[in-house]
Amino acid sequence: MRQLITLLLLTLTLIPAAYSFNDNKRVIDIYQEQLEKLRLSHAKLERLTQQQADKVALIQRLIADYQNALETTTQGIKDQYLAQLEQHQAGIKTSTQQMTDKYQALLEQYRAELKTATQQIKDKYQAQLQQLTAEHADTQAAYRKKLEVTADLTEHYYLSARKTDHQIKSLLTELGQSAEQILKLTQVISTLQQDMLDLRQQLLAQQQQDTLALQQEMSALRQQLLAQQQQEMSALRQEIEHNRDVMRGQTIRTFNGHTSHVFSVAFSPKGDYALSGSQDKTLKLWDVSTGQLVRTLSGHTNRVYSVAFSPNGRYALSGSYDYTLKLWDVSTGQLVRTLSGHTNYVRSVAFSPKGDYALSGSDDNTLKLWAVLAGSSDSVE
């Protein structure tokens, strides 16, 4: 502003003297008006500057208040979050401890059951082994008794032969027989004695063979019992592990084969097979014990939304977005019959308890009861 005033004074100084007084006065008036406008503009600018400074101060106060509020809110949220985090950690710790205690109790229960089952199997086979041992002892006693009887008979025949030999010798001597005849009779008697000894040896050998065969049979039976015990123990352990996995909610196996969403599954009546229906327009039959695909049932022209097994497990029923139901022979995978009648998607199917009827539900707002083998239906609105 001061520079403008200086500029105006300098301009007035430089105005030529040739100008008339009126001209100079007019110029001065013009410059005074400009000077007044400049003064008013300067005052207005100062007011605006002051307002702007007030606004800046207000904004700074608002920023400070916002920062304080933000710090307070942040601290509150932080404290609340920390409290919730501690509470959540305490809840997790409590739940973990409860689950640990639960599974520890289940593990102890399974160990006790395994120990009891093992002891029962051990007692069972121990009793069988004792019974076989007793029978073997009885058999050995019978053979010993038979051998003793045979030995007694052999001794009796031997003594009888000696007595007969003595009598014959005495008789021959008394009758004056020749020494040659006595020698022949002696040889006959010796042959008879040798035959008796051979018979005894044969009996002893037979007894040893029978005893050896009985021991081998006992050993084979013992090994068979041990193998059977090990199989039963292994089966028991597998069952316990299976039950433990089921209790823990672990996945036992995964069935892979469909190429799109699976909408429905069902177990066969015996539980050995599973059936699935998918958006890939197929049904698939699975072996539950191995997880292997048995066969694929194809025939629908849209997604398969519902599947069911007949009570005897011979047939499978499927409902589809192609508005139809299809009856399948499970053993061959062949299509038995297509049941048509719905006018919209078929979303649910089921067999009656005897398997002679089927029931279906559809987006056409109806249920239909079907005579499965005949293929006819009654509609229920």
# chains A, B, ... in the order shown; residues from 1 in each chain; ligands from 1

$ closest_atom_pairs --of "segment 63-133 of chain A" --to "segment 210-227 of chain A" --cutoff "9 Å" --atoms "only C-alpha atoms" --output "CSV"
residue,atom,partner,partner_atom,distance
A:Tyr125,CA,A:Leu225,CA,7.0
A:Gln128,CA,A:Leu225,CA,8.9
A:Leu129,CA,A:Arg222,CA,7.3
A:Leu132,CA,A:Met218,CA,7.5
A:Thr133,CA,A:Met218,CA,8.2

$ residues_around --residues "Ser320 of chain A" --least-positions-apart "3" --cutoff "12 Å" --atoms "only C-alpha atoms" --output "ChimeraX atom specification"
/A:263-264,277-283,298-307,317,323-327,338-340,342-349,360-363

$ write_last_selection --atoms "C-alpha atoms" --output "CSV table (one decimal), in the first residue's frame"
chain,number,residue,atom,x,y,z
A,263,PHE,CA,-25.6,-82.0,-5.1
A,264,SER,CA,-26.7,-85.3,-3.5
A,277,GLY,CA,-25.3,-86.9,-8.2
A,278,SER,CA,-23.6,-84.0,-9.8
A,279,GLN,CA,-24.0,-80.9,-12.0
A,280,ASP,CA,-21.9,-82.8,-14.6
A,281,LYS,CA,-25.2,-84.7,-15.4
A,282,THR,CA,-23.9,-88.1,-14.0
A,283,LEU,CA,-24.4,-90.4,-11.1
A,298,SER,CA,-25.0,-91.5,-17.6
A,299,GLY,CA,-28.3,-90.5,-19.2
A,300,HIS,CA,-29.6,-87.2,-17.8
A,301,THR,CA,-29.3,-84.1,-20.0
A,302,ASN,CA,-29.1,-81.7,-17.1
A,303,ARG,CA,-27.7,-81.6,-13.5
A,304,VAL,CA,-28.6,-84.5,-11.2
A,305,TYR,CA,-30.0,-83.0,-8.0
A,306,SER,CA,-31.2,-86.0,-5.9
A,307,VAL,CA,-30.3,-89.7,-5.6
A,317,LEU,CA,-33.3,-93.5,-8.4
A,323,TYR,CA,-37.7,-82.7,-15.4
A,324,THR,CA,-37.3,-86.5,-15.3
A,325,LEU,CA,-36.6,-89.3,-12.8
A,326,LYS,CA,-34.5,-92.3,-13.9
A,327,LEU,CA,-34.4,-95.8,-12.4
A,338,THR,CA,-37.3,-93.0,-17.3
A,339,LEU,CA,-40.2,-91.5,-15.3
A,340,SER,CA,-41.6,-88.4,-17.0
A,342,HIS,CA,-43.0,-83.1,-14.0
A,343,THR,CA,-43.0,-79.8,-15.8
A,344,ASN,CA,-40.1,-78.3,-13.9
A,345,TYR,CA,-36.9,-79.2,-12.0
A,346,VAL,CA,-37.0,-82.4,-9.9
A,347,ARG,CA,-35.3,-81.6,-6.7
A,348,SER,CA,-36.0,-84.6,-4.4
A,349,VAL,CA,-36.6,-88.4,-4.8
A,360,SER,CA,-40.6,-87.1,-6.1
A,361,GLY,CA,-40.7,-83.3,-5.5
A,362,SER,CA,-40.4,-80.7,-8.1
A,363,ASP,CA,-40.3,-76.9,-8.8

$ residues_around --residues "Gly333 of chain A" --least-positions-apart "3" --cutoff "6 Å" --atoms "only C-alpha atoms" --output "PyMOL selection string"
chain A and resi 297+329-330

$ residues_around --residues "Gly291 of chain A" --least-positions-apart "4" --cutoff "7 Å" --atoms "only C-alpha atoms" --output "list in words"
Arg253, Thr254, Phe255, Trp286 and Asp287 of chain A

$ residues_around --residues "Thr118 of chain A" --least-positions-apart "6" --cutoff "12 Å" --atoms "only C-alpha atoms" --output "ChimeraX atom specification"
/A:110-112,124-126,229-237

$ residues_around --residues "Lys354 of chain A" --least-positions-apart "5" --cutoff "10 Å" --atoms "only C-alpha atoms" --output "PyMOL selection string"
chain A and resi 310-312
